[in-house]
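*Asks:* Pasting coords-v2.tsv below, which is TSV, C-alpha atoms.
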chain	number	residue	atom	x	y	z
U	1	MET	CA	-8.39	-9.21	3.54
U	2	LYS	CA	-7.06	-7.77	6.79
U	3	CYS	CA	-9.47	-5.34	8.44
U	4	VAL	CA	-8.97	-2.13	10.40
U	5	GLU	CA	-10.86	-2.48	13.68
U	6	TYR	CA	-11.06	-0.66	17.04
U	7	LYS	CA	-8.74	2.13	15.89
U	8	LYS	CA	-8.88	5.92	16.09
U	9	ILE	CA	-8.69	7.20	12.52
U	10	LEU	CA	-8.26	10.74	11.25
U	11	ILE	CA	-9.56	11.24	7.70
U	12	VAL	CA	-8.56	14.46	5.94
U	13	GLU	CA	-10.50	14.89	2.68
U	14	ASP	CA	-12.03	18.07	1.22
U	15	CYS	CA	-14.48	16.39	-1.18
U	16	ASP	CA	-17.71	16.24	0.83
U	17	ASP	CA	-19.11	13.10	-0.80
U	18	GLN	CA	-15.81	11.24	-0.50
U	19	ARG	CA	-15.26	12.29	3.10
U	20	VAL	CA	-18.78	11.29	4.17
U	21	ALA	CA	-18.48	7.94	2.40
U	22	LEU	CA	-15.07	7.20	3.95
U	23	GLU	CA	-16.30	8.20	7.40
U	24	LYS	CA	-19.35	5.95	7.07
U	25	TYR	CA	-17.26	3.01	5.85
U	26	PHE	CA	-14.61	3.15	8.59
U	27	SER	CA	-16.97	4.17	11.42
U	28	ALA	CA	-18.58	0.73	11.34
U	29	LYS	CA	-15.67	-0.71	13.35
U	30	ASN	CA	-13.60	2.32	14.38
U	31	THR	CA	-13.72	5.77	15.94
U	32	VAL	CA	-13.37	8.27	13.09
U	33	THR	CA	-12.69	12.00	12.98
U	34	ALA	CA	-13.17	13.52	9.52
U	35	CYS	CA	-11.82	16.92	8.48
U	36	ALA	CA	-11.84	18.95	5.27
U	37	THR	CA	-8.98	21.39	5.86
U	38	VAL	CA	-5.40	21.60	7.12
U	39	ALA	CA	-6.58	23.83	9.97
U	40	ALA	CA	-9.24	21.38	11.13
U	41	ALA	CA	-6.85	18.43	10.92
U	42	THR	CA	-4.20	20.35	12.88
U	43	ALA	CA	-6.75	21.13	15.60
U	44	ALA	CA	-7.79	17.48	15.74
U	45	LEU	CA	-4.16	16.40	16.15
U	46	TYR	CA	-3.74	18.81	19.05
U	47	ASP	CA	-6.86	17.47	20.74
U	48	SER	CA	-6.43	13.72	20.22
U	49	ARG	CA	-4.00	10.95	19.41
U	50	PHE	CA	-4.79	8.75	16.42
U	51	ASP	CA	-3.70	5.29	15.36
U	52	ILE	CA	-3.55	6.21	11.67
U	53	ILE	CA	-4.27	9.12	9.31
U	54	LEU	CA	-5.75	8.95	5.82
U	55	LEU	CA	-4.69	12.16	4.08
U	56	ASP	CA	-5.62	13.96	0.88
U	57	LEU	CA	-2.98	16.36	-0.44
U	58	ILE	CA	-4.97	19.08	-2.20
U	59	LEU	CA	-6.87	20.92	0.53
U	60	PRO	CA	-8.56	24.34	0.38
U	61	ASP	CA	-6.17	25.98	2.84
U	62	GLY	CA	-2.87	24.35	1.86
U	63	SER	CA	-1.03	21.15	1.11
U	64	GLY	CA	-1.80	18.07	3.12
U	65	LEU	CA	1.95	17.44	3.35
U	66	SER	CA	2.13	20.14	6.03
U	67	ILE	CA	0.14	17.86	8.33
U	68	LEU	CA	2.89	15.24	8.32
U	69	ASP	CA	5.09	17.49	10.46
U	70	ARG	CA	2.39	17.46	13.15
U	71	ALA	CA	1.61	13.75	12.90
U	72	GLU	CA	4.73	12.75	14.86
U	73	LYS	CA	4.86	8.93	14.90
U	74	THR	CA	1.30	8.38	13.70
U	75	PRO	CA	1.40	6.46	10.39
U	76	VAL	CA	0.03	8.51	7.48
U	77	VAL	CA	-1.43	6.96	4.33
U	78	ILE	CA	-1.80	9.50	1.54
U	79	PHE	CA	-4.93	9.19	-0.62
U	80	SER	CA	-4.60	11.54	-3.56
U	81	ASP	CA	-5.26	11.91	-7.27
U	82	LEU	CA	-1.70	13.24	-7.64
U	83	GLY	CA	-0.19	10.02	-8.93
U	84	SER	CA	3.12	10.88	-10.59
U	85	ASP	CA	6.40	9.40	-9.38
U	86	SER	CA	7.49	12.83	-8.13
U	87	ASN	CA	4.29	13.17	-6.07
U	88	LEU	CA	4.81	9.74	-4.52
U	89	LEU	CA	8.46	10.50	-3.77
U	90	ASP	CA	7.50	13.82	-2.16
U	91	GLY	CA	4.94	12.04	-0.01
U	92	PHE	CA	7.36	9.37	1.17
U	93	ALA	CA	10.11	11.97	1.73
U	94	ALA	CA	7.70	13.91	3.95
U	95	GLY	CA	7.15	10.82	6.08
U	96	ALA	CA	4.09	9.03	4.66
U	97	VAL	CA	4.15	5.26	5.12
U	98	ASP	CA	2.01	4.54	2.06
U	99	TYR	CA	0.44	6.27	-0.92
U	100	VAL	CA	-2.84	5.24	-2.57
U	101	VAL	CA	-3.72	6.93	-5.86
U	102	LYS	CA	-7.36	7.84	-6.51
U	103	PRO	CA	-9.65	6.32	-7.55
U	104	ALA	CA	-9.39	3.25	-5.33
U	105	SER	CA	-11.90	1.01	-3.59
U	106	PHE	CA	-12.46	1.39	0.13
U	107	GLU	CA	-11.46	-2.26	0.50
U	108	LEU	CA	-8.05	-1.50	-1.01
U	109	ILE	CA	-7.60	1.57	1.22
U	110	GLU	CA	-8.48	-0.52	4.27
U	111	ALA	CA	-6.06	-3.27	3.25
U	112	ARG	CA	-3.23	-0.78	2.86
U	113	MET	CA	-4.04	0.86	6.20
U	114	ALA	CA	-4.16	-2.54	7.88
U	115	LEU	CA	-0.64	-3.26	6.67
U	116	ARG	CA	0.59	-0.05	8.28
U	117	LEU	CA	-0.94	-1.16	11.59
U	118	LEU	CA	0.60	-4.62	11.71
U	119	PRO	CA	2.62	-5.42	14.83
U	120	GLU	CA	6.30	-5.72	14.02
U	121	SER	CA	6.26	-9.47	14.61
U	122	CYS	CA	3.78	-9.87	11.73
U	123	SER	CA	5.22	-7.30	9.36
U	124	LYS	CA	8.02	-9.30	7.76
U	125	ILE	CA	7.91	-12.01	5.11
U	126	SER	CA	11.04	-13.99	4.27
U	127	ALA	CA	11.79	-16.84	1.92
U	128	HIS	CA	15.03	-18.05	0.32
U	129	GLY	CA	17.00	-14.95	1.26
U	130	LEU	CA	14.32	-12.49	0.15
U	131	VAL	CA	12.95	-10.35	2.99
U	132	LEU	CA	10.03	-7.93	2.80
U	133	ASP	CA	9.29	-5.51	5.63
U	134	ILE	CA	5.64	-4.66	5.01
U	135	SER	CA	5.46	-1.88	7.59
U	136	ARG	CA	8.55	-0.09	6.29
U	137	ARG	CA	7.86	-1.17	2.68
U	138	THR	CA	11.42	-2.30	2.08
U	139	ALA	CA	12.77	-5.35	0.26
U	140	ALA	CA	16.19	-6.98	0.35
U	141	TYR	CA	17.81	-10.15	-0.97
U	142	CYS	CA	20.64	-11.57	1.17
U	143	GLY	CA	21.26	-8.09	2.52
U	144	THR	CA	21.12	-6.31	-0.86
U	145	ALA	CA	18.34	-3.73	-0.94
U	146	LEU	CA	15.86	-3.79	-3.83
U	147	ASP	CA	14.69	-0.34	-4.91
U	148	LEU	CA	11.07	-1.20	-5.73
U	149	THR	CA	8.23	1.07	-6.74
U	150	SER	CA	5.03	0.94	-4.69
U	151	SER	CA	3.32	-1.22	-7.34
U	152	GLU	CA	6.27	-3.61	-7.63
U	153	PHE	CA	6.38	-3.99	-3.84
U	154	ASN	CA	2.64	-4.69	-3.67
U	155	ILE	CA	2.84	-7.33	-6.40
U	156	LEU	CA	5.84	-9.05	-4.79
U	157	THR	CA	4.12	-9.02	-1.40
U	158	PHE	CA	1.01	-10.65	-2.88
U	159	LEU	CA	3.02	-13.34	-4.69
U	160	MET	CA	5.10	-14.13	-1.59
U	161	GLN	CA	2.00	-14.30	0.61
U	162	ASN	CA	0.55	-16.80	-1.86
U	163	ALA	CA	3.74	-18.70	-2.62
U	164	GLY	CA	3.36	-21.74	-4.82
U	165	ASN	CA	0.12	-20.57	-6.45
U	166	PHE	CA	-0.08	-19.29	-10.03
U	167	TYR	CA	-1.91	-16.09	-10.96
U	168	THR	CA	-2.54	-14.49	-14.32
U	169	ALA	CA	-1.84	-10.78	-14.83
U	170	VAL	CA	-5.60	-10.13	-14.59
U	171	GLU	CA	-5.86	-12.02	-11.29
U	172	ILE	CA	-2.86	-10.18	-9.85
U	173	TYR	CA	-4.40	-6.82	-10.73
U	174	GLU	CA	-7.77	-7.70	-9.24
U	175	GLN	CA	-6.25	-9.20	-6.06
U	176	VAL	CA	-3.71	-6.42	-5.41
U	177	TRP	CA	-5.79	-3.39	-6.41
U	178	LYS	CA	-9.20	-4.84	-5.49
U	179	MET	CA	-10.72	-3.49	-8.71
U	180	PRO	CA	-11.67	-4.95	-12.10
U	181	HIS	CA	-8.63	-4.84	-14.37
U	182	LEU	CA	-8.31	-2.22	-17.09
U	183	ASN	CA	-5.65	-4.08	-19.07
U	184	THR	CA	-2.81	-6.50	-18.41
U	185	THR	CA	-0.05	-4.47	-20.06
U	186	THR	CA	0.62	-2.44	-16.92
U	187	ILE	CA	0.90	-5.50	-14.68
U	188	LYS	CA	3.21	-7.26	-17.13
U	189	ALA	CA	5.41	-4.15	-17.24
U	190	HIS	CA	5.54	-4.03	-13.43
U	191	LEU	CA	6.44	-7.74	-13.28
U	192	SER	CA	9.14	-7.31	-15.94
U	193	ASN	CA	10.70	-4.40	-14.05
U	194	LEU	CA	10.40	-6.27	-10.75
U	195	ARG	CA	12.26	-9.28	-12.12
U	196	LYS	CA	14.99	-7.05	-13.61
U	197	LYS	CA	15.55	-5.47	-10.21
U	198	MET	CA	15.59	-8.89	-8.56
U	199	PHE	CA	18.08	-10.08	-11.20
U	200	SER	CA	20.32	-7.09	-10.41
U	201	ALA	CA	20.59	-8.48	-6.88
U	202	SER	CA	21.07	-12.07	-7.97
U	203	LYS	CA	19.92	-14.49	-10.67
U	204	ARG	CA	18.72	-16.76	-7.85
U	205	CYS	CA	16.57	-13.91	-6.61
U	206	ALA	CA	15.02	-13.36	-10.06
U	207	ASP	CA	14.37	-17.10	-10.37
U	208	LEU	CA	12.09	-16.98	-7.32
U	209	ILE	CA	9.33	-15.70	-9.62
U	210	VAL	CA	8.47	-18.17	-12.37
U	211	THR	CA	6.15	-17.94	-15.36
U	212	GLU	CA	4.23	-20.87	-16.77
U	213	PHE	CA	2.28	-20.60	-20.01
U	214	GLY	CA	-1.46	-20.79	-19.44
U	215	LYS	CA	-1.09	-20.54	-15.64
U	216	GLY	CA	0.59	-17.20	-15.00
U	217	TYR	CA	3.13	-16.10	-12.39
U	218	SER	CA	4.17	-17.69	-9.11
U	219	PHE	CA	6.60	-17.13	-6.27
U	220	THR	CA	8.45	-20.40	-5.82
U	221	GLY	CA	9.42	-19.98	-2.17
U	222	GLY	CA	6.66	-22.30	-0.98
U	223	GLY	CA	6.14	-20.38	2.26
U	224	ASN	CA	7.92	-18.28	4.89
U	225	GLU	CA	11.21	-19.33	6.38
Rewrite the coordinates I just gave you, this time as structure tokens.

*Replies:*
Amino acid sequence: MKCVEYKKILIVEDCDDQRVALEKYFSAKNTVTACATVAAATAALYDSRFDIILLDLILPDGSGLSILDRAEKTPVVIFSDLGSDSNLLDGFAAGAVDYVVKPASFELIEARMALRLLPESCSKISAHGLVLDISRRTAAYCGTALDLTSSEFNILTFLMQNAGNFYTAVEIYEQVWKMPHLNTTTIKAHLSNLRKKMFSASKRCADLIVTEFGKGYSFTGGGNE
């Protein structure tokens, strides 16, 4: 797993226990400022520049989305228990680069933050005409954009990064979300929708993900181009 190290992080979280735990976790290798309100976060942004912001949405003095206007070019990862599609779309429309739905392990949060901090030269994966831009979270096949959900993008990224290896639905869940699986139905639904969207771009694109009974799912690219 990629780590977040030697960065200035702003954590905005109103739950005391969660904020203290996040601050302790990330302070081991980073400089962390932790706030509980919109006002405190706004003051922190006036006083300092940060490499990345981890942002809750429901705060005692307003919506965390208002902070995005003040963040300028600092990448913002939303960490919220508001997990509907409309909430995610609102977050991305406001300028967030990623959205993690609570509950989630600190390891998963760190992995998602690390992706947002990748240098541009390391942020793209390409194989057989399929290109993922991890920083921008976009996917395209031979120039045709794929409109993927956050979960579909994360699954495709994992499979492409581990091209040629087979993973069961349980293994995909545990590797992507860094938590014990609840059930495999959700992952299978995400994979089915992902392949339909890839098929809409091209049958060759859809064929890049194969299924083998008893082994699971695999991206057949065999590595980056």

*Asks:* Name the residues in contact with Ser80 (chain U) at a cut-off of 9 Å, using all atoms listed in the file, excluding same-chain residues fewer than 3 positions from it; report them as a PyMOL selection string.

*Replies:* chain U and resi 55-58+83+99-103

*Asks:* Near region 62-78 of chain U, within 9 Å and counting only C-alpha atoms, which residues show up once chain neighbours fewer than 2 positions away are dropped, as a count of residues only?

*Replies:* 37

*Asks:* If I take CA of Leu82 (chain U) and CA of Ala104 (chain U), how far is one from the other in Å, to one decimal?

*Replies:*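 According to the coordinates, CA of Leu82 (chain U) and CA of Ala104 (chain U) are separated by 12.8 Å.
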
*Asks:* Near region 185-195 of chain U, within 7 Å and counting all atoms listed in the file, which residues show up once chain neighbours fewer than 5 positions away are dropped, as a list in words?

*Replies:*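 The residues satisfying every condition are Glu152, Ala169, Tyr173 and Ala206 of chain U.
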
*Asks:* Only C-alpha atoms, please: the residues just picked out, written as an mmCIF file, in the frame of the given file.

*Replies:*
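Ended up saving to out.cif:
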data_model
loop_
_atom_site.group_PDB
_atom_site.id
_atom_site.type_symbol
_atom_site.label_atom_id
_atom_site.label_comp_id
_atom_site.auth_asym_id
_atom_site.auth_seq_id
_atom_site.Cartn_x
_atom_site.Cartn_y
_atom_site.Cartn_z
ATOM 1 C CA GLU U 152 6.270 -3.610 -7.630
ATOM 2 C CA ALA U 169 -1.840 -10.780 -14.830
ATOM 3 C CA TYR U 173 -4.400 -6.820 -10.730
ATOM 4 C CA ALA U 206 15.020 -13.360 -10.060
#

*Asks:* Work out how far apart CA of Met160 (chain U) and CA of Tyr6 (chain U) are and give it in Å to one decimal.

*Replies:* 28.1 Å

*Asks:* Which distance in Å separates CA of Leu146 (chain U) and CA of Lys215 (chain U), to one decimal?

*Replies:*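 Separation of CA of Leu146 (chain U) and CA of Lys215 (chain U): 26.6 Å.
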
*Asks:* Using only C-alpha atoms, pick whichever of U:Thr144, U:Ser84, U:Asn162, U:Ser150 has the shortest atom-to-atom distance to Ser200 (chain U).

*Replies:* U:Thr144

*Asks:* Write out as a PyMOL selection string which residues come within 8 Å of Leu148 (chain U) when counting all atoms listed in the file, dropping same-chain ones fewer than 3 positions away.

*Replies:* chain U and resi 138-139+151-153+194+197

*Asks:* Just checking: using all atoms listed in the file, which residue out of U:Ala43, U:Val4, U:Val131, U:Leu115 ends up closest to Tyr25 (chain U)?

*Replies:*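 Selected residue with least distance to Tyr25 (chain U): U:Val4.
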
*Asks:* Check the smallest atom-to-atom distance from each of U:Gly214, U:Glu107, U:Thr184, U:Cys142 to Val170 (chain U) using all atoms listed in the file, then report the winner.

*Replies:*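 Once distances to Val170 (chain U) are computed over all atoms listed in the file, the minimum belongs to U:Thr184.
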
*Asks:* What's around Ile172 (chain U) at 10 Å? Count only C-alpha atoms, leave out sequence neighbours fewer than 4 positions away in its own chain, and write the answer as a list in words.

*Replies:*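 Non-adjacent residues within range: Asn154, Ile155, Phe158, Leu159, Phe166, Tyr167, Thr168, Val176, Trp177, Lys178, His181, Thr184, Ile187, Lys188, Gly216 and Tyr217 of chain U.
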
*Asks:* With all atoms listed in the file as the atoms that count, which of U:Leu130, U:Ala145, U:Leu89, U:Ile125 lies nearest to Ile209 (chain U)?

*Replies:*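 Selected residue with least distance to Ile209 (chain U): U:Leu130.
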
*Asks:* Which of these residues is nearest to Ala44 (chain U), using all atoms listed in the file: U:Glu212, U:Lys29, U:Thr157, U:Lys8?

*Replies:*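 Among U:Glu212, U:Lys29, U:Thr157, U:Lys8, it is U:Lys8 that comes nearest to Ala44 (chain U).
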
*Asks:* Pick the closest to Leu108 (chain U) from U:Gln175, U:Ser218, U:Asn30, U:Ser123: which is it, counting all atoms listed in the file?

*Replies:* U:Gln175

*Asks:* Take region 100-111 of chain U from the block and save it with N, CA, C and O atoms, as a PDB file, in the first residue's frame.

*Replies:*
ATOM      1  N   VAL U 100     -14.661   9.115   0.246  1.00  0.00           N
ATOM      2  CA  VAL U 100     -14.635   7.866   1.002  1.00  0.00           C
ATOM      3  C   VAL U 100     -15.836   7.862   1.941  1.00  0.00           C
ATOM      4  O   VAL U 100     -16.030   8.806   2.711  1.00  0.00           O
ATOM      5  N   VAL U 101     -16.634   6.809   1.862  1.00  0.00           N
ATOM      6  CA  VAL U 101     -17.839   6.718   2.683  1.00  0.00           C
ATOM      7  C   VAL U 101     -17.514   6.011   3.994  1.00  0.00           C
ATOM      8  O   VAL U 101     -16.863   4.962   4.010  1.00  0.00           O
ATOM      9  N   LYS U 102     -17.941   6.607   5.104  1.00  0.00           N
ATOM     10  CA  LYS U 102     -17.767   5.992   6.427  1.00  0.00           C
ATOM     11  C   LYS U 102     -18.696   4.791   6.558  1.00  0.00           C
ATOM     12  O   LYS U 102     -19.790   4.789   6.006  1.00  0.00           O
ATOM     13  N   PRO U 103     -18.296   3.783   7.340  1.00  0.00           N
ATOM     14  CA  PRO U 103     -16.992   3.628   7.987  1.00  0.00           C
ATOM     15  C   PRO U 103     -15.960   3.107   6.998  1.00  0.00           C
ATOM     16  O   PRO U 103     -16.299   2.404   6.046  1.00  0.00           O
ATOM     17  N   ALA U 104     -14.710   3.429   7.235  1.00  0.00           N
ATOM     18  CA  ALA U 104     -13.620   2.931   6.405  1.00  0.00           C
ATOM     19  C   ALA U 104     -12.360   2.872   7.256  1.00  0.00           C
ATOM     20  O   ALA U 104     -12.175   3.674   8.175  1.00  0.00           O
ATOM     21  N   SER U 105     -11.505   1.922   6.949  1.00  0.00           N
ATOM     22  CA  SER U 105     -10.255   1.787   7.711  1.00  0.00           C
ATOM     23  C   SER U 105      -9.329   2.946   7.408  1.00  0.00           C
ATOM     24  O   SER U 105      -9.383   3.564   6.334  1.00  0.00           O
ATOM     25  N   PHE U 106      -8.453   3.257   8.355  1.00  0.00           N
ATOM     26  CA  PHE U 106      -7.473   4.315   8.135  1.00  0.00           C
ATOM     27  C   PHE U 106      -6.524   3.947   6.996  1.00  0.00           C
ATOM     28  O   PHE U 106      -6.027   4.816   6.285  1.00  0.00           O
ATOM     29  N   GLU U 107      -6.262   2.654   6.831  1.00  0.00           N
ATOM     30  CA  GLU U 107      -5.389   2.207   5.748  1.00  0.00           C
ATOM     31  C   GLU U 107      -6.003   2.539   4.387  1.00  0.00           C
ATOM     32  O   GLU U 107      -5.301   2.959   3.457  1.00  0.00           O
ATOM     33  N   LEU U 108      -7.327   2.348   4.275  1.00  0.00           N
ATOM     34  CA  LEU U 108      -8.001   2.677   3.021  1.00  0.00           C
ATOM     35  C   LEU U 108      -7.969   4.182   2.777  1.00  0.00           C
ATOM     36  O   LEU U 108      -7.675   4.636   1.666  1.00  0.00           O
ATOM     37  N   ILE U 109      -8.248   4.966   3.820  1.00  0.00           N
ATOM     38  CA  ILE U 109      -8.208   6.428   3.682  1.00  0.00           C
ATOM     39  C   ILE U 109      -6.824   6.868   3.220  1.00  0.00           C
ATOM     40  O   ILE U 109      -6.688   7.689   2.309  1.00  0.00           O
ATOM     41  N   GLU U 110      -5.788   6.308   3.837  1.00  0.00           N
ATOM     42  CA  GLU U 110      -4.420   6.677   3.467  1.00  0.00           C
ATOM     43  C   GLU U 110      -4.118   6.299   2.024  1.00  0.00           C
ATOM     44  O   GLU U 110      -3.484   7.070   1.288  1.00  0.00           O
ATOM     45  N   ALA U 111      -4.579   5.129   1.609  1.00  0.00           N
ATOM     46  CA  ALA U 111      -4.337   4.689   0.235  1.00  0.00           C
ATOM     47  C   ALA U 111      -5.002   5.631  -0.763  1.00  0.00           C
ATOM     48  O   ALA U 111      -4.419   5.985  -1.794  1.00  0.00           O
TER      49      ALA U 111
END
